[in-house]
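Source file start.cif; content: mmCIF, C-alpha atoms and all ligand atoms; chains and numbers go by the auth columns.
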data_input
#
loop_
_atom_site.group_PDB
_atom_site.id
_atom_site.type_symbol
_atom_site.label_atom_id
_atom_site.label_comp_id
_atom_site.label_asym_id
_atom_site.label_seq_id
_atom_site.Cartn_x
_atom_site.Cartn_y
_atom_site.Cartn_z
_atom_site.B_iso_or_equiv
_atom_site.auth_seq_id
_atom_site.auth_asym_id
ATOM 1 C CA MET A 1 29.298 -1.430 4.641 0.00 1 Z
ATOM 2 C CA ILE A 2 25.772 -2.870 4.936 0.00 2 Z
ATOM 3 C CA GLU A 3 25.188 -6.007 7.034 0.00 3 Z
ATOM 4 C CA ILE A 4 21.780 -7.599 7.419 0.00 4 Z
ATOM 5 C CA GLU A 5 21.541 -10.527 9.838 0.00 5 Z
ATOM 6 C CA LYS A 6 18.491 -12.605 10.810 0.00 6 Z
ATOM 7 C CA LEU A 7 16.189 -9.804 9.769 0.00 7 Z
ATOM 8 C CA TRP A 8 12.480 -10.329 10.457 0.00 8 Z
ATOM 9 C CA PHE A 9 9.924 -7.657 9.699 0.00 9 Z
ATOM 10 C CA SER A 10 6.131 -7.626 9.482 0.00 10 Z
ATOM 11 C CA TRP A 11 4.075 -4.502 8.823 0.00 11 Z
ATOM 12 C CA HIS A 12 1.419 -5.906 11.162 0.00 12 Z
ATOM 13 C CA GLY A 13 3.490 -6.902 14.219 0.00 13 Z
ATOM 14 C CA GLU A 14 5.255 -10.009 15.458 0.00 14 Z
ATOM 15 C CA LYS A 15 2.270 -12.339 15.465 0.00 15 Z
ATOM 16 C CA HIS A 16 1.757 -11.989 11.720 0.00 16 Z
ATOM 17 C CA THR A 17 3.454 -13.457 8.682 0.00 17 Z
ATOM 18 C CA PRO A 18 6.591 -11.465 7.947 0.00 18 Z
ATOM 19 C CA THR A 19 6.955 -9.319 4.856 0.00 19 Z
ATOM 20 C CA LEU A 20 10.708 -9.878 5.046 0.00 20 Z
ATOM 21 C CA ALA A 21 12.817 -12.623 6.600 0.00 21 Z
ATOM 22 C CA ILE A 22 16.425 -12.371 5.461 0.00 22 Z
ATOM 23 C CA ASP A 23 18.963 -14.667 7.079 0.00 23 Z
ATOM 24 C CA SER A 24 22.053 -12.808 5.899 0.00 24 Z
ATOM 25 C CA LEU A 25 22.901 -10.207 3.281 0.00 25 Z
ATOM 26 C CA HIS A 26 26.201 -8.337 3.176 0.00 26 Z
ATOM 27 C CA ILE A 27 27.023 -5.485 0.821 0.00 27 Z
ATOM 28 C CA LYS A 28 30.570 -4.181 0.549 0.00 28 Z
ATOM 29 C CA LYS A 29 31.711 -0.578 0.471 0.00 29 Z
ATOM 30 C CA GLY A 30 31.561 0.879 -3.028 0.00 30 Z
ATOM 31 C CA GLU A 31 29.422 -1.943 -4.391 0.00 31 Z
ATOM 32 C CA HIS A 32 26.659 -1.175 -6.930 0.00 32 Z
ATOM 33 C CA VAL A 33 23.755 -3.428 -5.988 0.00 33 Z
ATOM 34 C CA PHE A 34 20.789 -4.104 -8.247 0.00 34 Z
ATOM 35 C CA LEU A 35 17.849 -5.302 -6.133 0.00 35 Z
ATOM 36 C CA HIS A 36 14.961 -6.792 -8.062 0.00 36 Z
ATOM 37 C CA GLY A 37 11.909 -8.921 -7.446 0.00 37 Z
ATOM 38 C CA PRO A 38 8.251 -9.130 -8.401 0.00 38 Z
ATOM 39 C CA SER A 39 5.815 -6.480 -7.225 0.00 39 Z
ATOM 40 C CA GLY A 40 4.892 -6.883 -3.569 0.00 40 Z
ATOM 41 C CA THR A 41 7.956 -8.919 -2.545 0.00 41 Z
ATOM 42 C CA GLY A 42 9.132 -6.173 -0.192 0.00 42 Z
ATOM 43 C CA LYS A 43 11.736 -4.153 -2.098 0.00 43 Z
ATOM 44 C CA SER A 44 10.459 -0.784 -0.874 0.00 44 Z
ATOM 45 C CA THR A 45 10.009 -2.260 2.600 0.00 45 Z
ATOM 46 C CA LEU A 46 13.666 -3.312 2.642 0.00 46 Z
ATOM 47 C CA LEU A 47 14.749 0.171 1.530 0.00 47 Z
ATOM 48 C CA SER A 48 12.728 1.760 4.341 0.00 48 Z
ATOM 49 C CA LEU A 49 14.460 -0.579 6.823 0.00 49 Z
ATOM 50 C CA LEU A 50 17.879 0.317 5.371 0.00 50 Z
ATOM 51 C CA ALA A 51 16.980 3.997 5.686 0.00 51 Z
ATOM 52 C CA GLY A 52 15.917 3.479 9.304 0.00 52 Z
ATOM 53 C CA ILE A 53 12.380 4.681 8.585 0.00 53 Z
ATOM 54 C CA GLN A 54 11.084 1.308 9.832 0.00 54 Z
ATOM 55 C CA THR A 55 12.842 -0.994 12.309 0.00 55 Z
ATOM 56 C CA PRO A 56 12.825 -4.802 12.184 0.00 56 Z
ATOM 57 C CA GLN A 57 11.056 -6.758 14.955 0.00 57 Z
ATOM 58 C CA ARG A 58 14.052 -9.128 15.040 0.00 58 Z
ATOM 59 C CA GLY A 59 17.602 -9.215 13.745 0.00 59 Z
ATOM 60 C CA HIS A 60 19.679 -6.227 12.829 0.00 60 Z
ATOM 61 C CA ILE A 61 20.910 -3.961 10.077 0.00 61 Z
ATOM 62 C CA ARG A 62 24.366 -2.392 10.377 0.00 62 Z
ATOM 63 C CA ILE A 63 25.402 0.455 8.141 0.00 63 Z
ATOM 64 C CA ALA A 64 28.969 1.727 8.423 0.00 64 Z
ATOM 65 C CA ASP A 65 29.299 -0.243 11.703 0.00 65 Z
ATOM 66 C CA THR A 66 26.221 1.387 13.229 0.00 66 Z
ATOM 67 C CA ASN A 67 23.414 -0.897 14.367 0.00 67 Z
ATOM 68 C CA LEU A 68 20.312 1.020 13.287 0.00 68 Z
ATOM 69 C CA SER A 69 18.060 -0.818 15.749 0.00 69 Z
ATOM 70 C CA ALA A 70 20.183 0.403 18.672 0.00 70 Z
ATOM 71 C CA LEU A 71 19.507 4.055 17.796 0.00 71 Z
ATOM 72 C CA SER A 72 16.582 6.117 19.055 0.00 72 Z
ATOM 73 C CA SER A 73 14.170 7.367 16.434 0.00 73 Z
ATOM 74 C CA ALA A 74 15.743 10.872 16.527 0.00 74 Z
ATOM 75 C CA LYS A 75 19.267 9.416 16.170 0.00 75 Z
ATOM 76 C CA ARG A 76 18.108 7.275 13.234 0.00 76 Z
ATOM 77 C CA ASP A 77 16.751 10.413 11.543 0.00 77 Z
ATOM 78 C CA GLN A 78 20.112 12.115 12.031 0.00 78 Z
ATOM 79 C CA PHE A 79 21.997 9.012 10.853 0.00 79 Z
ATOM 80 C CA ARG A 80 19.874 9.015 7.674 0.00 80 Z
ATOM 81 C CA ALA A 81 20.529 12.721 7.028 0.00 81 Z
ATOM 82 C CA ASP A 82 24.288 12.263 7.560 0.00 82 Z
ATOM 83 C CA HIS A 83 25.025 8.972 5.823 0.00 83 Z
ATOM 84 C CA LEU A 84 22.276 8.169 3.297 0.00 84 Z
ATOM 85 C CA GLY A 85 21.271 9.812 0.045 0.00 85 Z
ATOM 86 C CA TYR A 86 17.823 8.687 -1.107 0.00 86 Z
ATOM 87 C CA ILE A 87 16.536 8.972 -4.669 0.00 87 Z
ATOM 88 C CA PHE A 88 12.775 8.438 -4.628 0.00 88 Z
ATOM 89 C CA GLN A 89 10.664 7.044 -7.440 0.00 89 Z
ATOM 90 C CA ASN A 90 8.730 10.336 -7.625 0.00 90 Z
ATOM 91 C CA PHE A 91 11.846 12.323 -6.568 0.00 91 Z
ATOM 92 C CA ASN A 92 10.075 14.111 -3.633 0.00 92 Z
ATOM 93 C CA LEU A 93 11.404 17.503 -4.669 0.00 93 Z
ATOM 94 C CA LEU A 94 10.027 20.777 -3.333 0.00 94 Z
ATOM 95 C CA PRO A 95 8.046 21.893 -6.389 0.00 95 Z
ATOM 96 C CA TYR A 96 8.390 25.684 -6.177 0.00 96 Z
ATOM 97 C CA LEU A 97 12.083 25.710 -5.329 0.00 97 Z
ATOM 98 C CA SER A 98 14.846 25.727 -7.932 0.00 98 Z
ATOM 99 C CA PRO A 99 17.130 22.742 -8.589 0.00 99 Z
ATOM 100 C CA ILE A 100 19.944 24.545 -6.744 0.00 100 Z
ATOM 101 C CA ASP A 101 17.770 25.111 -3.642 0.00 101 Z
ATOM 102 C CA ASN A 102 16.451 21.537 -3.688 0.00 102 Z
ATOM 103 C CA VAL A 103 19.991 20.172 -3.808 0.00 103 Z
ATOM 104 C CA THR A 104 21.479 22.402 -1.103 0.00 104 Z
ATOM 105 C CA LEU A 105 18.521 21.599 1.167 0.00 105 Z
ATOM 106 C CA ALA A 106 20.071 18.151 1.759 0.00 106 Z
ATOM 107 C CA LEU A 107 22.901 19.928 3.562 0.00 107 Z
ATOM 108 C CA ALA A 108 20.609 21.931 5.839 0.00 108 Z
ATOM 109 C CA PHE A 109 19.908 18.881 8.008 0.00 109 Z
ATOM 110 C CA SER A 110 23.429 17.535 8.320 0.00 110 Z
ATOM 111 C CA ALA A 111 26.586 19.179 9.675 0.00 111 Z
ATOM 112 C CA VAL A 112 28.513 16.069 8.554 0.00 112 Z
ATOM 113 C CA ARG A 113 27.457 16.528 4.938 0.00 113 Z
ATOM 114 C CA ARG A 114 28.037 20.307 5.088 0.00 114 Z
ATOM 115 C CA GLN A 115 31.603 19.711 6.249 0.00 115 Z
ATOM 116 C CA ARG A 116 32.261 17.212 3.479 0.00 116 Z
ATOM 117 C CA ALA A 117 30.732 19.593 0.928 0.00 117 Z
ATOM 118 C CA GLN A 118 33.045 22.381 2.151 0.00 118 Z
ATOM 119 C CA ARG A 119 36.066 20.251 1.292 0.00 119 Z
ATOM 120 C CA ALA A 120 35.237 20.845 -2.380 0.00 120 Z
ATOM 121 C CA GLY A 121 36.397 24.437 -1.758 0.00 121 Z
ATOM 122 C CA MET A 122 33.362 26.120 -3.341 0.00 122 Z
ATOM 123 C CA ALA A 123 30.219 27.832 -2.131 0.00 123 Z
ATOM 124 C CA MET A 124 27.308 25.415 -1.578 0.00 124 Z
ATOM 125 C CA ASN A 125 25.347 26.859 -4.528 0.00 125 Z
ATOM 126 C CA GLU A 126 28.362 26.460 -6.760 0.00 126 Z
ATOM 127 C CA LEU A 127 28.834 22.844 -5.670 0.00 127 Z
ATOM 128 C CA ALA A 128 25.134 22.117 -6.304 0.00 128 Z
ATOM 129 C CA ALA A 129 25.429 23.669 -9.775 0.00 129 Z
ATOM 130 C CA THR A 130 28.532 21.594 -10.534 0.00 130 Z
ATOM 131 C CA LEU A 131 26.811 18.350 -9.495 0.00 131 Z
ATOM 132 C CA LEU A 132 23.661 19.202 -11.467 0.00 132 Z
ATOM 133 C CA THR A 133 25.728 19.873 -14.589 0.00 133 Z
ATOM 134 C CA GLN A 134 27.759 16.690 -14.122 0.00 134 Z
ATOM 135 C CA LEU A 135 24.522 14.726 -13.765 0.00 135 Z
ATOM 136 C CA GLY A 136 23.263 16.171 -17.051 0.00 136 Z
ATOM 137 C CA LEU A 137 21.086 19.163 -16.092 0.00 137 Z
ATOM 138 C CA ASP A 138 22.123 22.138 -18.186 0.00 138 Z
ATOM 139 C CA ALA A 139 22.887 25.373 -16.290 0.00 139 Z
ATOM 140 C CA SER A 140 20.024 27.116 -18.122 0.00 140 Z
ATOM 141 C CA HIS A 141 17.624 25.056 -15.932 0.00 141 Z
ATOM 142 C CA HIS A 142 19.307 25.520 -12.555 0.00 142 Z
ATOM 143 C CA HIS A 143 17.145 28.409 -11.387 0.00 143 Z
ATOM 144 C CA GLN A 144 13.599 27.597 -12.531 0.00 144 Z
ATOM 145 C CA ALA A 145 11.021 25.957 -10.259 0.00 145 Z
ATOM 146 C CA VAL A 146 11.466 22.165 -10.416 0.00 146 Z
ATOM 147 C CA ASN A 147 7.780 21.652 -11.236 0.00 147 Z
ATOM 148 C CA THR A 148 8.513 23.241 -14.626 0.00 148 Z
ATOM 149 C CA LEU A 149 11.176 20.619 -15.429 0.00 149 Z
ATOM 150 C CA SER A 150 10.683 17.372 -17.347 0.00 150 Z
ATOM 151 C CA ILE A 151 10.679 14.067 -15.450 0.00 151 Z
ATOM 152 C CA GLY A 152 14.175 13.265 -16.716 0.00 152 Z
ATOM 153 C CA GLN A 153 15.419 16.658 -15.550 0.00 153 Z
ATOM 154 C CA GLN A 154 13.784 16.241 -12.131 0.00 154 Z
ATOM 155 C CA GLN A 155 15.495 12.887 -11.824 0.00 155 Z
ATOM 156 C CA ARG A 156 18.883 14.592 -12.176 0.00 156 Z
ATOM 157 C CA VAL A 157 17.929 17.023 -9.406 0.00 157 Z
ATOM 158 C CA GLY A 158 16.927 14.069 -7.182 0.00 158 Z
ATOM 159 C CA ALA A 159 20.281 12.409 -7.871 0.00 159 Z
ATOM 160 C CA ALA A 160 22.304 15.572 -7.177 0.00 160 Z
ATOM 161 C CA ARG A 161 20.433 16.050 -3.888 0.00 161 Z
ATOM 162 C CA ALA A 162 21.260 12.455 -2.923 0.00 162 Z
ATOM 163 C CA VAL A 163 25.002 12.686 -3.641 0.00 163 Z
ATOM 164 C CA ILE A 164 25.811 16.185 -2.320 0.00 164 Z
ATOM 165 C CA GLY A 165 27.882 16.055 0.853 0.00 165 Z
ATOM 166 C CA GLU A 166 29.123 12.534 -0.007 0.00 166 Z
ATOM 167 C CA PRO A 167 26.865 10.190 1.979 0.00 167 Z
ATOM 168 C CA GLU A 168 28.336 6.676 2.223 0.00 168 Z
ATOM 169 C CA VAL A 169 25.190 4.962 0.920 0.00 169 Z
ATOM 170 C CA ILE A 170 22.922 5.959 -1.970 0.00 170 Z
ATOM 171 C CA ILE A 171 19.521 4.295 -2.049 0.00 171 Z
ATOM 172 C CA ALA A 172 17.470 4.548 -5.231 0.00 172 Z
ATOM 173 C CA ASP A 173 13.880 3.309 -5.444 0.00 173 Z
ATOM 174 C CA GLU A 174 13.006 2.813 -9.129 0.00 174 Z
ATOM 175 C CA PRO A 175 14.133 6.301 -10.096 0.00 175 Z
ATOM 176 C CA THR A 176 14.297 5.462 -13.801 0.00 176 Z
ATOM 177 C CA SER A 177 10.898 3.879 -14.353 0.00 177 Z
ATOM 178 C CA ALA A 178 9.575 6.858 -16.358 0.00 178 Z
ATOM 179 C CA LEU A 179 12.534 6.925 -18.755 0.00 179 Z
ATOM 180 C CA ASP A 180 13.304 5.062 -21.973 0.00 180 Z
ATOM 181 C CA GLU A 181 16.035 2.435 -21.916 0.00 181 Z
ATOM 182 C CA ASP A 182 18.857 4.571 -23.359 0.00 182 Z
ATOM 183 C CA ASN A 183 18.169 7.360 -20.873 0.00 183 Z
ATOM 184 C CA ARG A 184 17.999 4.890 -17.969 0.00 184 Z
ATOM 185 C CA LYS A 185 21.435 3.513 -18.743 0.00 185 Z
ATOM 186 C CA ALA A 186 22.952 6.948 -19.335 0.00 186 Z
ATOM 187 C CA PHE A 187 21.530 8.184 -16.027 0.00 187 Z
ATOM 188 C CA ILE A 188 22.879 5.204 -14.075 0.00 188 Z
ATOM 189 C CA GLU A 189 26.323 5.663 -15.614 0.00 189 Z
ATOM 190 C CA LEU A 190 26.339 9.348 -14.613 0.00 190 Z
ATOM 191 C CA LEU A 191 25.215 8.429 -11.107 0.00 191 Z
ATOM 192 C CA PHE A 192 28.035 5.873 -10.787 0.00 192 Z
ATOM 193 C CA GLU A 193 30.582 8.461 -11.963 0.00 193 Z
ATOM 194 C CA GLN A 194 29.577 10.545 -8.955 0.00 194 Z
ATOM 195 C CA THR A 195 29.400 7.733 -6.415 0.00 195 Z
ATOM 196 C CA ASP A 196 32.708 6.218 -7.562 0.00 196 Z
ATOM 197 C CA LYS A 197 34.472 9.518 -6.809 0.00 197 Z
ATOM 198 C CA THR A 198 33.536 9.101 -3.137 0.00 198 Z
ATOM 199 C CA GLY A 199 33.399 5.284 -2.919 0.00 199 Z
ATOM 200 C CA ALA A 200 29.707 5.365 -1.982 0.00 200 Z
ATOM 201 C CA THR A 201 27.718 2.134 -1.953 0.00 201 Z
ATOM 202 C CA VAL A 202 24.635 2.140 -4.197 0.00 202 Z
ATOM 203 C CA VAL A 203 21.485 0.071 -3.620 0.00 203 Z
ATOM 204 C CA PHE A 204 19.213 0.453 -6.626 0.00 204 Z
ATOM 205 C CA VAL A 205 15.750 -1.092 -6.930 0.00 205 Z
ATOM 206 C CA SER A 206 14.208 -1.692 -10.321 0.00 206 Z
ATOM 207 C CA HIS A 207 11.917 -4.038 -12.201 0.00 207 Z
ATOM 208 C CA GLU A 208 14.014 -3.538 -15.317 0.00 208 Z
ATOM 209 C CA LYS A 209 16.224 -6.599 -15.404 0.00 209 Z
ATOM 210 C CA SER A 210 17.945 -5.304 -18.545 0.00 210 Z
ATOM 211 C CA LEU A 211 19.765 -2.848 -16.240 0.00 211 Z
ATOM 212 C CA ALA A 212 21.334 -5.627 -14.134 0.00 212 Z
ATOM 213 C CA PRO A 213 24.583 -5.935 -16.184 0.00 213 Z
ATOM 214 C CA LEU A 214 25.467 -2.350 -15.209 0.00 214 Z
ATOM 215 C CA PHE A 215 25.798 -3.398 -11.543 0.00 215 Z
ATOM 216 C CA SER A 216 28.539 -5.241 -9.636 0.00 216 Z
ATOM 217 C CA LYS A 217 26.087 -7.294 -7.519 0.00 217 Z
ATOM 218 C CA VAL A 218 22.575 -8.492 -8.396 0.00 218 Z
ATOM 219 C CA VAL A 219 20.228 -9.484 -5.563 0.00 219 Z
ATOM 220 C CA SER A 220 16.921 -11.219 -6.183 0.00 220 Z
ATOM 221 C CA LEU A 221 14.720 -10.413 -3.216 0.00 221 Z
ATOM 222 C CA SER A 222 12.642 -13.542 -3.813 0.00 222 Z
ATOM 223 C CA GLU A 223 15.828 -15.580 -3.320 0.00 223 Z
ATOM 224 C CA VAL A 224 17.132 -13.879 -0.171 0.00 224 Z
ATOM 225 C CA ASN A 225 13.717 -13.523 1.448 0.00 225 Z
ATOM 226 C CA GLN A 226 13.593 -16.935 3.196 0.00 226 Z
ATOM 227 C CA LEU A 227 10.228 -16.618 4.827 0.00 227 Z
ATOM 228 C CA ALA A 228 10.406 -20.076 6.393 0.00 228 Z
ATOM 229 C CA GLY A 229 14.072 -20.310 7.310 0.00 229 Z
ATOM 230 C CA VAL A 230 14.891 -17.593 9.814 0.00 230 Z
ATOM 231 C CA ALA A 231 15.661 -18.605 13.370 0.00 231 Z
ATOM 232 C CA SER A 232 13.515 -16.822 15.933 0.00 232 Z
HETATM 233 N N1 LIG B . 2.972 1.164 4.881 0.00 301 F
HETATM 234 C C1 LIG B . 2.563 -0.108 4.784 0.00 301 F
HETATM 235 N N2 LIG B . 1.668 -0.618 5.654 0.00 301 F
HETATM 236 C C2 LIG B . 1.253 -1.899 5.578 0.00 301 F
HETATM 237 N N3 LIG B . 1.689 -2.766 4.639 0.00 301 F
HETATM 238 C C3 LIG B . 2.571 -2.338 3.733 0.00 301 F
HETATM 239 C C4 LIG B . 3.059 -0.987 3.747 0.00 301 F
HETATM 240 N N4 LIG B . 3.936 -0.833 2.725 0.00 301 F
HETATM 241 C C5 LIG B . 3.986 -2.031 2.094 0.00 301 F
HETATM 242 N N5 LIG B . 3.167 -2.929 2.712 0.00 301 F
HETATM 243 C C6 LIG B . 2.982 -4.336 2.307 0.00 301 F
HETATM 244 O O1 LIG B . 4.246 -4.989 2.271 0.00 301 F
HETATM 245 C C7 LIG B . 4.333 -5.852 1.148 0.00 301 F
HETATM 246 C C8 LIG B . 5.551 -5.485 0.318 0.00 301 F
HETATM 247 O O2 LIG B . 5.348 -4.183 -0.254 0.00 301 F
HETATM 248 P P1 LIG B . 6.518 -3.364 -0.933 0.00 301 F
HETATM 249 O O3 LIG B . 5.966 -2.042 -1.344 0.00 301 F
HETATM 250 O O4 LIG B . 7.705 -3.380 -0.044 0.00 301 F
HETATM 251 O O5 LIG B . 6.826 -4.267 -2.216 0.00 301 F
HETATM 252 P P2 LIG B . 7.665 -3.943 -3.526 0.00 301 F
HETATM 253 O O6 LIG B . 8.443 -5.174 -3.828 0.00 301 F
HETATM 254 O O7 LIG B . 8.432 -2.683 -3.338 0.00 301 F
HETATM 255 O O8 LIG B . 6.516 -3.735 -4.588 0.00 301 F
HETATM 256 P P3 LIG B . 6.483 -2.853 -5.929 0.00 301 F
HETATM 257 O O9 LIG B . 7.499 -3.443 -6.854 0.00 301 F
HETATM 258 O O10 LIG B . 5.076 -3.052 -6.414 0.00 301 F
HETATM 259 O O11 LIG B . 6.792 -1.431 -5.549 0.00 301 F
HETATM 260 C C9 LIG B . 3.014 -5.721 0.387 0.00 301 F
HETATM 261 O O12 LIG B . 2.207 -6.815 0.736 0.00 301 F
HETATM 262 C C10 LIG B . 2.445 -4.417 0.875 0.00 301 F
HETATM 263 O O13 LIG B . 1.035 -4.470 0.912 0.00 301 F
#
Represent the structure from my file as structure tokens, please.
Amino acid sequence: MIEIEKLWFSWHGEKHTPTLAIDSLHIKKGEHVFLHGPSGTGKSTLLSLLAGIQTPQRGHIRIADTNLSALSSAKRDQFRADHLGYIFQNFNLLPYLSPIDNVTLALAFSAVRRQRAQRAGMAMNELAATLLTQLGLDASHHHQAVNTLSIGQQQRVGAARAVIGEPEVIIADEPTSALDEDNRKAFIELLFEQTDKTGATVVFVSHEKSLAPLFSKVVSLSEVNQLAGVAS
């Protein structure tokens, strides 16, 4: 599902030391990947490359058989909207909109995800409400502005927005860092219940190594980031 080959990326251009140099990293469809590494090793950088927000100077990233580097910037934006659900560390929700409106907004930018959502046979608002409830946000909170929700509740809105319309890949950048350990685990289990229904691949970044046993594959970025060993 995700194939990284001979990846080389520097924030400062080709003449500078790379932030990331990954010879090869393959992630299978439906896998739950826990990506960890010390601060500054490039975890968020790798996620922005996977999301097509940045492009590598060398090598390539394929997601669902699409080479992201071969796409124009506009096509990469569309690819991201269609195939990737992103859960941000600070959730990036629209503060004055309700949970329902934040979740359905993910469908506004993607006909592919709208079509998949329609297969559920319910109105978009109803589907958003169902996902929010399944991810642990009680219906009594579905219509208040998200900036009046707790961090844990906002996290459930961020997760529902990422999974609606069944994107093939869910990327999560430390979405549980503000929660206690029991709530972190419970949230991840609820997220996997949703992604396993659709066979989505999950790439989850966290510092919390205690979460690693919940995942099917554990990747240490310090180990795969071979700064000296990538062929030019
Ligand atoms: N937008 C940017 N412009 C220039 N350099 C950047 C940018 N974002 C990150 N970097 C640099 O890339 C390196 C890796 O940063 P990154 O945020 O990917 O690490 P991280 O492993 O996610 O760290 P943390 O765990 O602290 O979030 C750092 O040296 C950082 O300064």
So which residues are near ligand LIG 301 (chain F), meaning at most 7 Å away with all atoms listed in the file counted, given back as a PDB file with C-alpha atoms, in the coordinates of the input?
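This is the output file selection.pdb:
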ATOM      1  CA  TRP Z  11       4.075  -4.502   8.823  1.00  0.00           C
ATOM      2  CA  HIS Z  12       1.419  -5.906  11.162  1.00  0.00           C
ATOM      3  CA  THR Z  19       6.955  -9.319   4.856  1.00  0.00           C
ATOM      4  CA  GLY Z  37      11.909  -8.921  -7.446  1.00  0.00           C
ATOM      5  CA  PRO Z  38       8.251  -9.130  -8.401  1.00  0.00           C
ATOM      6  CA  SER Z  39       5.815  -6.480  -7.225  1.00  0.00           C
ATOM      7  CA  GLY Z  40       4.892  -6.883  -3.569  1.00  0.00           C
ATOM      8  CA  THR Z  41       7.956  -8.919  -2.545  1.00  0.00           C
ATOM      9  CA  GLY Z  42       9.132  -6.173  -0.192  1.00  0.00           C
ATOM     10  CA  LYS Z  43      11.736  -4.153  -2.098  1.00  0.00           C
ATOM     11  CA  SER Z  44      10.459  -0.784  -0.874  1.00  0.00           C
ATOM     12  CA  THR Z  45      10.009  -2.260   2.600  1.00  0.00           C
ATOM     13  CA  LEU Z  46      13.666  -3.312   2.642  1.00  0.00           C
ATOM     14  CA  HIS Z 207      11.917  -4.038 -12.201  1.00  0.00           C
TER      15      HIS Z 207
END
Enclose stretch 31-50 of chain Z, meaning all of its atoms listed in the file, in a box aligned along x, y and z, pad it by 4 Å on each side, and list the centre and edge lengths in Å to one decimal, as AutoDock Vina command-line options.
--center_x 17.2 --center_y -3.7 --center_z -0.8 --size_x 32.5 --size_y 18.9 --size_z 23.2
| request: Would you mind reading off the distance between atom CA of Z:Leu107 and atom CA of Z:His32, one decimal, in Å? | output: 23.9 Å
| field | Near-Z:His26 list (7 Å; only C-alpha atoms; drop same-chain fewer than 5 positions) as a ChimeraX atom specification | value | /Z:2-4
| Test item: the PyMOL selection byres (((chain Z and resi 216) around 10) and not hetatm) resolved as a ChimeraX atom specification | /Z:30-34,202,212-215,217-218
| said: Applying 9 Å and all atoms listed in the file, which residues near Z:Phe88 remain after dropping the ones on its own chain fewer than 2 positions away? List them as a VMD selection string. | reply: chain Z and resid 86 90 to 92 155 158 171 to 175
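Here the question is which of Z:Ala64, Z:Leu105, Z:Leu47, Z:Val157 gets nearest to Z:Asp138 using all atoms listed in the file, and that residue is Z:Val157.
Checking Z:Arg119, Z:Arg156, Z:Arg58, Z:Arg184 one by one against Z:Gly136, counting all atoms listed in the file, you find the shortest gap at Z:Arg156.
Among the candidates Z:Ile151, Z:Ile100, Z:Gly59, Z:Ser48, the residue lying nearest to Z:Ala21 is Z:Gly59 (atoms considered: all atoms listed in the file).
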| Counting all atoms listed in the file, which residues come within 7 Å of (10.2, -7.8, 11.3), with the point read in the file's coordinates, and could you list them as a list in words? | Leu7, Trp8, Phe9, Ser10, Glu14, Pro18, Leu20, Pro56, Gln57 and Arg58 of chain Z
When the PyMOL selection byres (((chain Z and resi 63) around 9) and not hetatm) is applied to the file above, which residues end up in the set, as a compact mmCIF listing (two decimals) with C-alpha atoms, in the frame of the given file?
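As a result, selection_35.txt now contains:
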# COMPACT_ATOMS: atom_id res chain seq x y z
CA MET Z 1 29.30 -1.43 4.64
CA ILE Z 2 25.77 -2.87 4.94
CA GLU Z 3 25.19 -6.01 7.03
CA ILE Z 4 21.78 -7.60 7.42
CA LEU Z 50 17.88 0.32 5.37
CA ILE Z 61 20.91 -3.96 10.08
CA ARG Z 62 24.37 -2.39 10.38
CA ALA Z 64 28.97 1.73 8.42
CA ASP Z 65 29.30 -0.24 11.70
CA THR Z 66 26.22 1.39 13.23
CA ASN Z 67 23.41 -0.90 14.37
CA LEU Z 68 20.31 1.02 13.29
CA HIS Z 83 25.02 8.97 5.82
CA VAL Z 169 25.19 4.96 0.92
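Distance-wise, atom CA of Z:Ala145 and atom CA of Z:Ser98 end up 4.5 Å apart.
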| task | Figure out the distance between atom CA of Z:Val205 and atom CA of Z:Gly152, please, to one decimal in Å. | result | 17.4 Å
Can I get stretch 1-9 of chain Z with N, CA and C atoms filled in, as a PDB file, in the coordinates of the input?
ATOM      1  N   MET Z   1      29.973  -2.742   4.489  1.00  0.00           N
ATOM      2  CA  MET Z   1      29.298  -1.430   4.641  1.00  0.00           C
ATOM      3  C   MET Z   1      27.851  -1.608   5.123  1.00  0.00           C
ATOM      4  N   ILE Z   2      27.133  -2.582   4.480  1.00  0.00           N
ATOM      5  CA  ILE Z   2      25.772  -2.870   4.936  1.00  0.00           C
ATOM      6  C   ILE Z   2      25.717  -4.346   5.334  1.00  0.00           C
ATOM      7  N   GLU Z   3      25.292  -4.614   6.556  1.00  0.00           N
ATOM      8  CA  GLU Z   3      25.188  -6.007   7.034  1.00  0.00           C
ATOM      9  C   GLU Z   3      23.780  -6.245   7.564  1.00  0.00           C
ATOM     10  N   ILE Z   4      23.107  -7.206   6.946  1.00  0.00           N
ATOM     11  CA  ILE Z   4      21.780  -7.599   7.419  1.00  0.00           C
ATOM     12  C   ILE Z   4      21.906  -9.010   7.980  1.00  0.00           C
ATOM     13  N   GLU Z   5      21.460  -9.204   9.208  1.00  0.00           N
ATOM     14  CA  GLU Z   5      21.541 -10.527   9.838  1.00  0.00           C
ATOM     15  C   GLU Z   5      20.213 -10.864  10.493  1.00  0.00           C
ATOM     16  N   LYS Z   6      19.700 -12.055  10.164  1.00  0.00           N
ATOM     17  CA  LYS Z   6      18.491 -12.605  10.810  1.00  0.00           C
ATOM     18  C   LYS Z   6      17.355 -11.577  10.884  1.00  0.00           C
ATOM     19  N   LEU Z   7      17.209 -10.871   9.808  1.00  0.00           N
ATOM     20  CA  LEU Z   7      16.189  -9.804   9.769  1.00  0.00           C
ATOM     21  C   LEU Z   7      14.785 -10.408   9.673  1.00  0.00           C
ATOM     22  N   TRP Z   8      13.885  -9.887  10.476  1.00  0.00           N
ATOM     23  CA  TRP Z   8      12.480 -10.329  10.457  1.00  0.00           C
ATOM     24  C   TRP Z   8      11.631  -9.087  10.616  1.00  0.00           C
ATOM     25  N   PHE Z   9      10.761  -8.854   9.621  1.00  0.00           N
ATOM     26  CA  PHE Z   9       9.924  -7.657   9.699  1.00  0.00           C
ATOM     27  C   PHE Z   9       8.526  -7.948   9.162  1.00  0.00           C
TER      28      PHE Z   9
END
